[in-house]
$ cat structure-v7.pdb   # PDB, C-alpha atoms and all ligand atoms
ATOM      1  CA  MET R 263     114.896-190.738 -93.013  1.00  0.00           C
ATOM      2  CA  ALA R 264     113.213-188.359 -90.578  1.00  0.00           C
ATOM      3  CA  GLN R 265     115.050-187.250 -87.459  1.00  0.00           C
ATOM      4  CA  ARG R 266     112.694-187.379 -84.505  1.00  0.00           C
ATOM      5  CA  SER R 267     112.712-184.479 -82.146  1.00  0.00           C
ATOM      6  CA  GLY R 268     113.117-185.084 -78.439  1.00  0.00           C
ATOM      7  CA  GLY R 269     110.265-182.582 -78.095  1.00  0.00           C
ATOM      8  CA  SER R 270     107.085-183.359 -76.230  1.00  0.00           C
ATOM      9  CA  ALA R 271     104.615-182.222 -78.891  1.00  0.00           C
ATOM     10  CA  GLU R 272     101.067-183.446 -78.370  1.00  0.00           C
ATOM     11  CA  VAL R 273      99.498-184.298 -81.687  1.00  0.00           C
ATOM     12  CA  GLY R 274      96.932-181.632 -82.456  1.00  0.00           C
ATOM     13  CA  ALA R 275      94.689-180.216 -85.119  1.00  0.00           C
ATOM     14  CA  THR R 276      96.930-177.620 -86.761  1.00  0.00           C
ATOM     15  CA  TRP R 277     100.280-178.569 -88.221  1.00  0.00           C
ATOM     16  CA  VAL R 278     102.857-176.298 -89.838  1.00  0.00           C
ATOM     17  CA  LEU R 279     105.354-177.541 -92.425  1.00  0.00           C
ATOM     18  CA  ILE R 280     108.422-175.343 -92.850  1.00  0.00           C
ATOM     19  CA  ALA R 281     110.013-175.618 -96.302  1.00  0.00           C
ATOM     20  CA  ALA R 282     113.654-174.939 -95.469  1.00  0.00           C
ATOM     21  CA  ALA R 283     115.531-177.178 -97.911  1.00  0.00           C
ATOM     22  CA  GLY R 284     116.492-174.599-100.533  1.00  0.00           C
ATOM     23  CA  SER R 285     120.162-174.212-101.392  1.00  0.00           C
ATOM     24  CA  GLY R 286     120.061-170.424-101.469  1.00  0.00           C
ATOM     25  CA  GLU R 287     122.707-170.209-104.183  1.00  0.00           C
ATOM     26  CA  ARG R 288     121.821-166.591-104.925  1.00  0.00           C
ATOM     27  CA  LEU R 289     122.792-165.600-101.380  1.00  0.00           C
ATOM     28  CA  GLY R 290     126.391-166.529-102.153  1.00  0.00           C
ATOM     29  CA  ILE R 291     127.141-168.155 -98.789  1.00  0.00           C
ATOM     30  CA  ASP R 292     128.827-171.427 -97.838  1.00  0.00           C
ATOM     31  CA  ARG R 293     125.724-173.046 -96.325  1.00  0.00           C
ATOM     32  CA  PRO R 294     122.033-173.503 -97.159  1.00  0.00           C
ATOM     33  CA  LYS R 295     119.832-170.424 -96.974  1.00  0.00           C
ATOM     34  CA  ALA R 296     117.973-171.674 -93.875  1.00  0.00           C
ATOM     35  CA  PHE R 297     121.293-171.420 -92.014  1.00  0.00           C
ATOM     36  CA  ALA R 298     122.248-167.950 -93.276  1.00  0.00           C
ATOM     37  CA  VAL R 299     122.765-165.636 -90.328  1.00  0.00           C
ATOM     38  CA  LEU R 300     119.882-163.285 -89.536  1.00  0.00           C
ATOM     39  CA  GLY R 301     120.530-161.183 -86.465  1.00  0.00           C
ATOM     40  CA  GLU R 302     122.649-163.599 -84.494  1.00  0.00           C
ATOM     41  CA  ARG R 303     120.967-166.853 -85.381  1.00  0.00           C
ATOM     42  CA  PRO R 304     120.104-169.006 -88.385  1.00  0.00           C
ATOM     43  CA  LEU R 305     117.319-167.707 -90.647  1.00  0.00           C
ATOM     44  CA  LEU R 306     115.270-170.827 -89.821  1.00  0.00           C
ATOM     45  CA  ALA R 307     115.283-169.906 -86.115  1.00  0.00           C
ATOM     46  CA  GLU R 308     113.133-166.843 -86.688  1.00  0.00           C
ATOM     47  CA  SER R 309     110.056-168.593 -88.115  1.00  0.00           C
ATOM     48  CA  LEU R 310     110.585-171.648 -85.906  1.00  0.00           C
ATOM     49  CA  ASP R 311     110.593-169.483 -82.782  1.00  0.00           C
ATOM     50  CA  ARG R 312     107.530-167.504 -83.882  1.00  0.00           C
ATOM     51  CA  LEU R 313     105.556-170.660 -84.748  1.00  0.00           C
ATOM     52  CA  GLU R 314     106.528-172.338 -81.475  1.00  0.00           C
ATOM     53  CA  ARG R 315     105.171-169.363 -79.536  1.00  0.00           C
ATOM     54  CA  CYS R 316     101.950-169.147 -81.578  1.00  0.00           C
ATOM     55  CA  GLU R 317      98.983-170.715 -79.792  1.00  0.00           C
ATOM     56  CA  LEU R 318      97.249-171.514 -83.085  1.00  0.00           C
ATOM     57  CA  VAL R 319      99.967-174.058 -83.933  1.00  0.00           C
ATOM     58  CA  ASP R 320     100.018-177.575 -82.463  1.00  0.00           C
ATOM     59  CA  ALA R 321     102.876-179.315 -84.289  1.00  0.00           C
ATOM     60  CA  ILE R 322     105.707-178.454 -86.682  1.00  0.00           C
ATOM     61  CA  VAL R 323     107.645-180.475 -89.278  1.00  0.00           C
ATOM     62  CA  VAL R 324     110.781-179.034 -90.875  1.00  0.00           C
ATOM     63  CA  ALA R 325     111.924-180.022 -94.385  1.00  0.00           C
ATOM     64  CA  ALA R 326     115.640-179.423 -93.893  1.00  0.00           C
ATOM     65  CA  PRO R 327     118.395-179.200 -96.490  1.00  0.00           C
ATOM     66  CA  PRO R 328     119.576-182.785 -97.100  1.00  0.00           C
ATOM     67  CA  GLY R 329     122.330-183.529 -94.559  1.00  0.00           C
ATOM     68  CA  TRP R 330     121.128-180.702 -92.271  1.00  0.00           C
ATOM     69  CA  GLU R 331     118.383-182.633 -90.463  1.00  0.00           C
ATOM     70  CA  GLU R 332     120.465-182.996 -87.312  1.00  0.00           C
ATOM     71  CA  PRO R 333     121.523-179.309 -87.090  1.00  0.00           C
ATOM     72  CA  SER R 334     117.829-178.483 -87.584  1.00  0.00           C
ATOM     73  CA  ILE R 335     116.798-180.708 -84.673  1.00  0.00           C
ATOM     74  CA  LEU R 336     119.580-179.203 -82.542  1.00  0.00           C
ATOM     75  CA  LEU R 337     118.338-175.715 -83.428  1.00  0.00           C
ATOM     76  CA  ALA R 338     114.788-176.693 -82.405  1.00  0.00           C
ATOM     77  CA  GLU R 339     116.162-178.017 -79.107  1.00  0.00           C
ATOM     78  CA  GLU R 340     118.152-174.827 -78.494  1.00  0.00           C
ATOM     79  CA  LEU R 341     114.977-172.819 -79.063  1.00  0.00           C
ATOM     80  CA  ALA R 342     113.028-175.200 -76.794  1.00  0.00           C
ATOM     81  CA  ALA R 343     110.700-175.655 -79.759  1.00  0.00           C
ATOM     82  CA  SER R 344     108.850-178.666 -78.361  1.00  0.00           C
ATOM     83  CA  LYS R 345     106.196-178.541 -81.116  1.00  0.00           C
ATOM     84  CA  VAL R 346     108.774-179.785 -83.644  1.00  0.00           C
ATOM     85  CA  VAL R 347     107.812-183.395 -84.277  1.00  0.00           C
ATOM     86  CA  ALA R 348     110.325-184.211 -87.024  1.00  0.00           C
ATOM     87  CA  CYS R 349     112.961-182.803 -89.349  1.00  0.00           C
ATOM     88  CA  VAL R 350     113.003-184.577 -92.709  1.00  0.00           C
ATOM     89  CA  ALA R 351     115.391-184.262 -95.623  1.00  0.00           C
ATOM     90  CA  GLY R 352     113.921-182.004 -98.285  1.00  0.00           C
ATOM     91  CA  GLY R 353     113.741-182.906-101.956  1.00  0.00           C
ATOM     92  CA  ALA R 354     114.975-181.504-105.244  1.00  0.00           C
ATOM     93  CA  THR R 355     112.079-179.037-105.505  1.00  0.00           C
ATOM     94  CA  ARG R 356     110.032-177.100-102.976  1.00  0.00           C
ATOM     95  CA  ALA R 357     107.000-179.300-103.701  1.00  0.00           C
ATOM     96  CA  GLU R 358     109.038-182.466-103.065  1.00  0.00           C
ATOM     97  CA  SER R 359     110.294-180.999 -99.786  1.00  0.00           C
ATOM     98  CA  VAL R 360     106.738-180.213 -98.708  1.00  0.00           C
ATOM     99  CA  ALA R 361     105.651-183.732 -99.733  1.00  0.00           C
ATOM    100  CA  ALA R 362     108.354-185.248 -97.503  1.00  0.00           C
ATOM    101  CA  ALA R 363     107.195-183.121 -94.554  1.00  0.00           C
ATOM    102  CA  LEU R 364     103.520-183.841 -95.250  1.00  0.00           C
ATOM    103  CA  ALA R 365     104.235-187.574 -94.926  1.00  0.00           C
ATOM    104  CA  GLU R 366     105.012-186.931 -91.227  1.00  0.00           C
ATOM    105  CA  VAL R 367     101.670-185.254 -90.495  1.00  0.00           C
ATOM    106  CA  ASP R 368      99.322-187.185 -88.229  1.00  0.00           C
ATOM    107  CA  GLU R 369      96.169-188.676 -89.783  1.00  0.00           C
ATOM    108  CA  GLN R 370      94.080-186.727 -87.262  1.00  0.00           C
ATOM    109  CA  ALA R 371      95.380-183.303 -88.366  1.00  0.00           C
ATOM    110  CA  LEU R 372      92.640-180.969 -89.580  1.00  0.00           C
ATOM    111  CA  VAL R 373      94.656-178.074 -90.976  1.00  0.00           C
ATOM    112  CA  VAL R 374      98.117-177.989 -92.545  1.00  0.00           C
ATOM    113  CA  ILE R 375      99.879-174.655 -92.965  1.00  0.00           C
ATOM    114  CA  VAL R 376     102.920-174.534 -95.239  1.00  0.00           C
ATOM    115  CA  HIS R 377     105.511-171.813 -94.718  1.00  0.00           C
ATOM    116  CA  ASP R 378     108.825-170.860 -96.338  1.00  0.00           C
ATOM    117  CA  ALA R 379     111.800-170.556 -93.982  1.00  0.00           C
ATOM    118  CA  ALA R 380     112.955-167.914 -96.479  1.00  0.00           C
ATOM    119  CA  ARG R 381     110.162-165.620 -95.164  1.00  0.00           C
ATOM    120  CA  PRO R 382     111.321-165.257 -91.562  1.00  0.00           C
ATOM    121  CA  LEU R 383     109.164-162.337 -90.374  1.00  0.00           C
ATOM    122  CA  LEU R 384     105.976-164.284 -89.774  1.00  0.00           C
ATOM    123  CA  ASP R 385     103.308-162.347 -87.893  1.00  0.00           C
ATOM    124  CA  GLU R 386     100.631-164.272 -86.003  1.00  0.00           C
ATOM    125  CA  ALA R 387      97.972-161.942 -87.457  1.00  0.00           C
ATOM    126  CA  VAL R 388      98.552-163.515 -90.898  1.00  0.00           C
ATOM    127  CA  LEU R 389      97.889-166.993 -89.457  1.00  0.00           C
ATOM    128  CA  GLU R 390      94.704-165.698 -87.836  1.00  0.00           C
ATOM    129  CA  ARG R 391      93.528-164.247 -91.157  1.00  0.00           C
ATOM    130  CA  LEU R 392      94.233-167.525 -93.002  1.00  0.00           C
ATOM    131  CA  LEU R 393      92.165-169.678 -90.661  1.00  0.00           C
ATOM    132  CA  VAL R 394      88.964-167.638 -91.212  1.00  0.00           C
ATOM    133  CA  PRO R 395      88.224-168.860 -94.794  1.00  0.00           C
ATOM    134  CA  LEU R 396      88.939-172.471 -93.746  1.00  0.00           C
ATOM    135  CA  ALA R 397      86.282-172.177 -91.043  1.00  0.00           C
ATOM    136  CA  GLU R 398      83.925-170.815 -93.727  1.00  0.00           C
ATOM    137  CA  GLY R 399      84.323-173.882 -95.967  1.00  0.00           C
ATOM    138  CA  PHE R 400      87.234-172.995 -98.270  1.00  0.00           C
ATOM    139  CA  ASP R 401      89.837-175.693 -98.983  1.00  0.00           C
ATOM    140  CA  GLY R 402      92.723-173.292 -98.647  1.00  0.00           C
ATOM    141  CA  ALA R 403      93.760-169.697 -98.057  1.00  0.00           C
ATOM    142  CA  VAL R 404      96.788-167.714 -99.201  1.00  0.00           C
ATOM    143  CA  PRO R 405      98.106-164.280 -98.219  1.00  0.00           C
ATOM    144  CA  VAL R 406      98.464-161.929-101.180  1.00  0.00           C
ATOM    145  CA  LEU R 407      99.751-158.458-102.010  1.00  0.00           C
ATOM    146  CA  ALA R 408      98.445-156.206-104.776  1.00  0.00           C
ATOM    147  CA  VAL R 409     100.814-155.809-107.713  1.00  0.00           C
ATOM    148  CA  ALA R 410     102.077-152.227-107.836  1.00  0.00           C
ATOM    149  CA  ASP R 411     104.041-152.232-111.084  1.00  0.00           C
ATOM    150  CA  THR R 412     102.635-152.377-114.600  1.00  0.00           C
ATOM    151  CA  LEU R 413     103.096-155.903-115.905  1.00  0.00           C
ATOM    152  CA  LYS R 414     104.286-156.743-119.435  1.00  0.00           C
ATOM    153  CA  ARG R 415     104.418-160.042-121.248  1.00  0.00           C
ATOM    154  CA  VAL R 416     107.719-160.157-123.112  1.00  0.00           C
ATOM    155  CA  ARG R 417     108.956-162.308-125.996  1.00  0.00           C
ATOM    156  CA  ASP R 418     112.580-162.261-127.129  1.00  0.00           C
ATOM    157  CA  GLY R 419     113.248-158.961-125.363  1.00  0.00           C
ATOM    158  CA  VAL R 420     110.251-157.200-126.926  1.00  0.00           C
ATOM    159  CA  VAL R 421     106.976-156.278-125.215  1.00  0.00           C
ATOM    160  CA  PHE R 422     104.259-158.553-126.540  1.00  0.00           C
ATOM    161  CA  GLU R 423     101.435-157.103-124.451  1.00  0.00           C
ATOM    162  CA  THR R 424     100.615-155.210-121.278  1.00  0.00           C
ATOM    163  CA  VAL R 425      98.750-157.370-118.794  1.00  0.00           C
ATOM    164  CA  ASP R 426      95.716-156.087-116.907  1.00  0.00           C
ATOM    165  CA  ARG R 427      96.991-156.056-113.321  1.00  0.00           C
ATOM    166  CA  GLU R 428      93.559-155.466-111.727  1.00  0.00           C
ATOM    167  CA  ALA R 429      92.922-159.183-111.248  1.00  0.00           C
ATOM    168  CA  LEU R 430      96.537-160.064-110.403  1.00  0.00           C
ATOM    169  CA  VAL R 431      98.071-160.484-106.959  1.00  0.00           C
ATOM    170  CA  ALA R 432     101.383-161.799-105.642  1.00  0.00           C
ATOM    171  CA  ALA R 433     101.011-164.875-103.407  1.00  0.00           C
ATOM    172  CA  GLN R 434     103.114-165.323-100.264  1.00  0.00           C
ATOM    173  CA  THR R 435     103.410-167.983 -97.570  1.00  0.00           C
ATOM    174  CA  PRO R 436     102.223-169.172 -95.066  1.00  0.00           C
ATOM    175  CA  GLN R 437      99.428-170.918 -96.968  1.00  0.00           C
ATOM    176  CA  ALA R 438      96.756-172.858 -95.052  1.00  0.00           C
ATOM    177  CA  PHE R 439      94.769-175.890 -96.207  1.00  0.00           C
ATOM    178  CA  LEU R 440      92.326-178.505 -95.003  1.00  0.00           C
ATOM    179  CA  ALA R 441      94.588-181.502 -94.412  1.00  0.00           C
ATOM    180  CA  PRO R 442      92.636-184.027 -96.576  1.00  0.00           C
ATOM    181  CA  THR R 443      92.586-181.611 -99.533  1.00  0.00           C
ATOM    182  CA  LEU R 444      96.323-180.943 -99.305  1.00  0.00           C
ATOM    183  CA  ARG R 445      97.002-184.690 -99.164  1.00  0.00           C
ATOM    184  CA  ARG R 446      94.839-185.205-102.265  1.00  0.00           C
ATOM    185  CA  ALA R 447      96.697-182.406-104.057  1.00  0.00           C
ATOM    186  CA  PHE R 448     100.096-183.880-103.198  1.00  0.00           C
ATOM    187  CA  ALA R 449      99.070-187.366-104.335  1.00  0.00           C
ATOM    188  CA  ARG R 450      99.162-186.040-107.918  1.00  0.00           C
ATOM    189  CA  ASP R 451     101.968-184.846-110.200  1.00  0.00           C
ATOM    190  CA  LEU R 452     103.993-182.098-108.472  1.00  0.00           C
ATOM    191  CA  GLU R 453     105.667-180.904-111.670  1.00  0.00           C
ATOM    192  CA  GLY R 454     105.958-177.142-112.074  1.00  0.00           C
ATOM    193  CA  ALA R 455     104.325-176.216-108.751  1.00  0.00           C
ATOM    194  CA  THR R 456     105.903-173.109-107.234  1.00  0.00           C
ATOM    195  CA  ASP R 457     103.449-173.025-104.342  1.00  0.00           C
ATOM    196  CA  CYS R 458     101.067-175.432-102.604  1.00  0.00           C
ATOM    197  CA  ALA R 459      97.918-173.527-103.545  1.00  0.00           C
ATOM    198  CA  SER R 460      98.546-174.216-107.230  1.00  0.00           C
ATOM    199  CA  LEU R 461      98.434-177.976-106.524  1.00  0.00           C
ATOM    200  CA  VAL R 462      95.203-177.586-104.552  1.00  0.00           C
ATOM    201  CA  GLU R 463      93.750-175.554-107.455  1.00  0.00           C
ATOM    202  CA  ARG R 464      94.670-178.407-109.841  1.00  0.00           C
ATOM    203  CA  VAL R 465      92.437-180.834-107.905  1.00  0.00           C
ATOM    204  CA  GLY R 466      89.574-178.340-107.924  1.00  0.00           C
ATOM    205  CA  GLY R 467      90.088-176.946-104.427  1.00  0.00           C
ATOM    206  CA  ARG R 468      88.680-173.486-103.635  1.00  0.00           C
ATOM    207  CA  VAL R 469      91.416-171.208-102.345  1.00  0.00           C
ATOM    208  CA  ALA R 470      90.557-167.863-100.729  1.00  0.00           C
ATOM    209  CA  VAL R 471      92.875-164.880-100.502  1.00  0.00           C
ATOM    210  CA  VAL R 472      93.571-162.818 -97.383  1.00  0.00           C
ATOM    211  CA  ASP R 473      95.720-159.724 -96.890  1.00  0.00           C
ATOM    212  CA  GLY R 474      99.410-160.532 -97.030  1.00  0.00           C
ATOM    213  CA  ASP R 475     102.202-158.692 -95.250  1.00  0.00           C
ATOM    214  CA  LYS R 476     105.060-156.755 -96.883  1.00  0.00           C
ATOM    215  CA  LYS R 477     107.344-157.942 -94.090  1.00  0.00           C
ATOM    216  CA  LEU R 478     106.880-161.521 -95.323  1.00  0.00           C
ATOM    217  CA  LEU R 479     109.475-160.690 -97.951  1.00  0.00           C
ATOM    218  CA  LYS R 480     111.192-163.801 -99.317  1.00  0.00           C
ATOM    219  CA  VAL R 481     114.942-163.676 -98.741  1.00  0.00           C
ATOM    220  CA  THR R 482     116.660-164.434-102.042  1.00  0.00           C
ATOM    221  CA  THR R 483     119.681-162.111-102.193  1.00  0.00           C
ATOM    222  CA  ALA R 484     122.065-160.581 -99.646  1.00  0.00           C
ATOM    223  CA  ASP R 485     120.164-157.283-100.045  1.00  0.00           C
ATOM    224  CA  ASP R 486     116.908-159.013 -99.037  1.00  0.00           C
ATOM    225  CA  LEU R 487     118.647-160.452 -95.988  1.00  0.00           C
ATOM    226  CA  ALA R 488     119.920-157.003 -94.972  1.00  0.00           C
ATOM    227  CA  LEU R 489     116.441-155.494 -95.447  1.00  0.00           C
ATOM    228  CA  VAL R 490     114.745-158.197 -93.362  1.00  0.00           C
ATOM    229  CA  GLU R 491     117.433-157.764 -90.695  1.00  0.00           C
ATOM    230  CA  SER R 492     116.654-154.026 -90.544  1.00  0.00           C
ATOM    231  CA  TRP R 493     112.996-154.931 -89.848  1.00  0.00           C
ATOM    232  CA  LEU R 494     113.770-157.407 -87.035  1.00  0.00           C
TER     233      LEU R 494
HETATM  234  O1  LIG S   1     114.057-171.112-103.724  1.00  0.00           O
HETATM  235  P1  LIG S   1     113.024-170.314-103.030  1.00  0.00           P
HETATM  236  O2  LIG S   1     113.565-169.262-102.108  1.00  0.00           O
HETATM  237  O3  LIG S   1     111.924-169.809-103.923  1.00  0.00           O
HETATM  238  O4  LIG S   1     112.301-171.354-102.075  1.00  0.00           O
HETATM  239  C1  LIG S   1     111.185-171.025-101.281  1.00  0.00           C
HETATM  240  C2  LIG S   1     111.211-171.880-100.023  1.00  0.00           C
HETATM  241  O5  LIG S   1     111.175-173.246-100.395  1.00  0.00           O
HETATM  242  C3  LIG S   1     112.476-171.651 -99.194  1.00  0.00           C
HETATM  243  O6  LIG S   1     112.125-171.527 -97.840  1.00  0.00           O
HETATM  244  C4  LIG S   1     113.306-172.882 -99.490  1.00  0.00           C
HETATM  245  O7  LIG S   1     114.106-173.292 -98.397  1.00  0.00           O
HETATM  246  C5  LIG S   1     112.233-173.934 -99.770  1.00  0.00           C
HETATM  247  N1  LIG S   1     112.723-174.993-100.656  1.00  0.00           N
HETATM  248  C6  LIG S   1     112.698-176.319-100.215  1.00  0.00           C
HETATM  249  N2  LIG S   1     113.183-177.314-101.019  1.00  0.00           N
HETATM  250  C7  LIG S   1     113.692-177.050-102.238  1.00  0.00           C
HETATM  251  C8  LIG S   1     113.714-175.701-102.728  1.00  0.00           C
HETATM  252  C9  LIG S   1     113.215-174.700-101.910  1.00  0.00           C
HETATM  253  O8  LIG S   1     112.243-176.569 -99.094  1.00  0.00           O
HETATM  254  N3  LIG S   1     114.179-178.042-102.965  1.00  0.00           N
END
$ encode --input "structure-v7.pdb" --output "C-alpha cells" --more "lines below"
Ligand code: C5P
Amino acid sequence: MAQRSGGSAEVGATWVLIAAAGSGERLGIDRPKAFAVLGERPLLAESLDRLERCELVDAIVVAAPPGWEEPSILLAEELAASKVVACVAGGATRAESVAAALAEVDEQALVVIVHDAARPLLDEAVLERLLVPLAEGFDGAVPVLAVADTLKRVRDGVVFETVDREALVAAQTPQAFLAPTLRRAFARDLEGATDCASLVERVGGRVAVVDGDKKLLKVTTADDLALVESWL
C-alpha cells in the first residue's frame, strides 16, 4: 500500500522513480542501504534533495524498503521535498520495485526517469543530457562509461576468451524513457532485468546512450560509501 505524501506536487510531465528498496547486505549495516548514513543524513536524502531542486523534475515516487515507507515519507517532509507524490513498498527485485513505483505514475506523464538511491551524487547535467535523445525520437536514454579494463569471459576459473571492449560500455542510472514505452516494457516478464533499459530493449525500444558520470558510482560496499562521502 502506497503512503501518500503530504506534499503539494502538481502532476507534471516528467516523473522520477527512485529505486531505494535494496537491502544493502554487502554494506554490513543494521538497516537498508537507502538509510545508510552519508554525510549526516540517509543516503536516500542526497538524490531526493537533488531531484527536488531540479527544475526538470515534476514529480517523484520512492520505492522504499518494505516497512520503511513511513520513514521515507518523513524524510521527504524533512527535506521539504514537495514533489514526492508517494512512497511505495519495493519488491523482491529492483525491477519489481520499479514496477510498484511505476503504478503510481499519472496517466498524463510524458517521461519517466528511473534512478538508483544507491547512486547518490546525481548531477543535473546528466538529466539534461538524457532528455535530448527523447526529444529526438528515441524511446529511452542511458548514461554510460567506457570500459577501461580488458574483459575476459571465464569458465570454471579459466579464461575462455578475451572480449572486444570497443563496443562495450557500463550503464548507470538515471535512465530516462517515454512513459508509454516504459509501461509497455514493464507489462511483460521482468525476469533477469538488472536495469530498465534492458526491458525496453526487449520490447524493441530504441535506447540512446549519453555520457555518464564517474561520480554516479553505485554504493555497494563500505569503501564505496567512504569514497562517495569524500566527493560530497
Ligand atoms: O542491489 P543494487 O545496489 O544493485 O540495487 C540497485 C538499486 O536498486 C538500489 O538503489 C536499490 O535500493 C534498488 N533496489 C530496489 N529493490 C530491490 C533491490 C534493489 O529498489 N529489491
$ closest_atom_pairs --input "structure-v7.pdb" --of "range 307-407 of chain R" --to "range 449-463 of chain R" --cutoff "9 Å" --atoms "all atoms listed in the file" --output "Markdown table"
| residue | atom | partner | partner_atom | distance |
| --- | --- | --- | --- | --- |
| R:Thr355 | CA | R:Thr456 | CA | 8.7 |
| R:Arg356 | CA | R:Thr456 | CA | 7.1 |
| R:Ala357 | CA | R:Leu452 | CA | 6.3 |
| R:Glu358 | CA | R:Leu452 | CA | 7.4 |
| R:Val360 | CA | R:Cys458 | CA | 8.4 |
| R:Ala361 | CA | R:Ala449 | CA | 8.8 |
| R:Val376 | CA | R:Cys458 | CA | 7.6 |
| R:Asp401 | CA | R:Val462 | CA | 8.0 |
| R:Gly402 | CA | R:Ala459 | CA | 7.1 |
| R:Ala403 | CA | R:Ala459 | CA | 7.9 |
| R:Val404 | CA | R:Ala459 | CA | 7.3 |
$ resolve_selection --input "structure-v7.pdb" --expression "the PyMOL selection byres (((not hetatm)) within 10 of (chain S and resi 1))" --output "mmCIF file with C-alpha atoms, keeping the file's coordinate frame"
data_model
loop_
_atom_site.group_PDB
_atom_site.id
_atom_site.type_symbol
_atom_site.label_atom_id
_atom_site.label_comp_id
_atom_site.auth_asym_id
_atom_site.auth_seq_id
_atom_site.Cartn_x
_atom_site.Cartn_y
_atom_site.Cartn_z
ATOM 1 C CA LEU R 279 105.354 -177.541 -92.425
ATOM 2 C CA ILE R 280 108.422 -175.343 -92.850
ATOM 3 C CA ALA R 281 110.013 -175.618 -96.302
ATOM 4 C CA ALA R 282 113.654 -174.939 -95.469
ATOM 5 C CA ALA R 283 115.531 -177.178 -97.911
ATOM 6 C CA GLY R 284 116.492 -174.599 -100.533
ATOM 7 C CA SER R 285 120.162 -174.212 -101.392
ATOM 8 C CA GLY R 286 120.061 -170.424 -101.469
ATOM 9 C CA GLU R 287 122.707 -170.209 -104.183
ATOM 10 C CA ARG R 288 121.821 -166.591 -104.925
ATOM 11 C CA LEU R 289 122.792 -165.600 -101.380
ATOM 12 C CA PRO R 294 122.033 -173.503 -97.159
ATOM 13 C CA LYS R 295 119.832 -170.424 -96.974
ATOM 14 C CA ALA R 296 117.973 -171.674 -93.875
ATOM 15 C CA PHE R 297 121.293 -171.420 -92.014
ATOM 16 C CA LEU R 305 117.319 -167.707 -90.647
ATOM 17 C CA LEU R 306 115.270 -170.827 -89.821
ATOM 18 C CA VAL R 324 110.781 -179.034 -90.875
ATOM 19 C CA ALA R 325 111.924 -180.022 -94.385
ATOM 20 C CA ALA R 326 115.640 -179.423 -93.893
ATOM 21 C CA PRO R 327 118.395 -179.200 -96.490
ATOM 22 C CA PRO R 328 119.576 -182.785 -97.100
ATOM 23 C CA ALA R 351 115.391 -184.262 -95.623
ATOM 24 C CA GLY R 352 113.921 -182.004 -98.285
ATOM 25 C CA GLY R 353 113.741 -182.906 -101.956
ATOM 26 C CA ALA R 354 114.975 -181.504 -105.244
ATOM 27 C CA THR R 355 112.079 -179.037 -105.505
ATOM 28 C CA ARG R 356 110.032 -177.100 -102.976
ATOM 29 C CA ALA R 357 107.000 -179.300 -103.701
ATOM 30 C CA GLU R 358 109.038 -182.466 -103.065
ATOM 31 C CA SER R 359 110.294 -180.999 -99.786
ATOM 32 C CA VAL R 360 106.738 -180.213 -98.708
ATOM 33 C CA ALA R 361 105.651 -183.732 -99.733
ATOM 34 C CA ALA R 362 108.354 -185.248 -97.503
ATOM 35 C CA ALA R 363 107.195 -183.121 -94.554
ATOM 36 C CA VAL R 376 102.920 -174.534 -95.239
ATOM 37 C CA HIS R 377 105.511 -171.813 -94.718
ATOM 38 C CA ASP R 378 108.825 -170.860 -96.338
ATOM 39 C CA ALA R 379 111.800 -170.556 -93.982
ATOM 40 C CA ALA R 380 112.955 -167.914 -96.479
ATOM 41 C CA ARG R 381 110.162 -165.620 -95.164
ATOM 42 C CA PRO R 382 111.321 -165.257 -91.562
ATOM 43 C CA GLN R 434 103.114 -165.323 -100.264
ATOM 44 C CA THR R 435 103.410 -167.983 -97.570
ATOM 45 C CA THR R 456 105.903 -173.109 -107.234
ATOM 46 C CA ASP R 457 103.449 -173.025 -104.342
ATOM 47 C CA LYS R 480 111.192 -163.801 -99.317
ATOM 48 C CA VAL R 481 114.942 -163.676 -98.741
ATOM 49 C CA THR R 482 116.660 -164.434 -102.042
ATOM 50 C CA THR R 483 119.681 -162.111 -102.193
#
$ resolve_selection --input "structure-v7.pdb" --expression "the PyMOL selection byres (((chain R and resi 369-375) around 12) and not hetatm)" --output "compact mmCIF listing (two decimals) with C-alpha atoms, in the coordinates of the input"
# COMPACT_ATOMS: atom_id res chain seq x y z
CA GLU R 272 101.07 -183.45 -78.37
CA VAL R 273 99.50 -184.30 -81.69
CA GLY R 274 96.93 -181.63 -82.46
CA ALA R 275 94.69 -180.22 -85.12
CA THR R 276 96.93 -177.62 -86.76
CA TRP R 277 100.28 -178.57 -88.22
CA VAL R 278 102.86 -176.30 -89.84
CA LEU R 279 105.35 -177.54 -92.42
CA ILE R 280 108.42 -175.34 -92.85
CA ALA R 281 110.01 -175.62 -96.30
CA LEU R 313 105.56 -170.66 -84.75
CA LEU R 318 97.25 -171.51 -83.08
CA VAL R 319 99.97 -174.06 -83.93
CA ASP R 320 100.02 -177.58 -82.46
CA ALA R 321 102.88 -179.32 -84.29
CA ILE R 322 105.71 -178.45 -86.68
CA VAL R 323 107.64 -180.48 -89.28
CA VAL R 324 110.78 -179.03 -90.88
CA VAL R 360 106.74 -180.21 -98.71
CA ALA R 361 105.65 -183.73 -99.73
CA ALA R 363 107.20 -183.12 -94.55
CA LEU R 364 103.52 -183.84 -95.25
CA ALA R 365 104.24 -187.57 -94.93
CA GLU R 366 105.01 -186.93 -91.23
CA VAL R 367 101.67 -185.25 -90.50
CA ASP R 368 99.32 -187.18 -88.23
CA VAL R 376 102.92 -174.53 -95.24
CA HIS R 377 105.51 -171.81 -94.72
CA ASP R 378 108.82 -170.86 -96.34
CA VAL R 388 98.55 -163.51 -90.90
CA LEU R 389 97.89 -166.99 -89.46
CA GLU R 390 94.70 -165.70 -87.84
CA LEU R 392 94.23 -167.52 -93.00
CA LEU R 393 92.16 -169.68 -90.66
CA VAL R 394 88.96 -167.64 -91.21
CA PRO R 395 88.22 -168.86 -94.79
CA LEU R 396 88.94 -172.47 -93.75
CA ALA R 397 86.28 -172.18 -91.04
CA PHE R 400 87.23 -173.00 -98.27
CA ASP R 401 89.84 -175.69 -98.98
CA GLY R 402 92.72 -173.29 -98.65
CA ALA R 403 93.76 -169.70 -98.06
CA VAL R 404 96.79 -167.71 -99.20
CA PRO R 405 98.11 -164.28 -98.22
CA THR R 435 103.41 -167.98 -97.57
CA PRO R 436 102.22 -169.17 -95.07
CA GLN R 437 99.43 -170.92 -96.97
CA ALA R 438 96.76 -172.86 -95.05
CA PHE R 439 94.77 -175.89 -96.21
CA LEU R 440 92.33 -178.50 -95.00
CA ALA R 441 94.59 -181.50 -94.41
CA PRO R 442 92.64 -184.03 -96.58
CA THR R 443 92.59 -181.61 -99.53
CA LEU R 444 96.32 -180.94 -99.30
CA ARG R 445 97.00 -184.69 -99.16
CA CYS R 458 101.07 -175.43 -102.60
CA ALA R 459 97.92 -173.53 -103.54
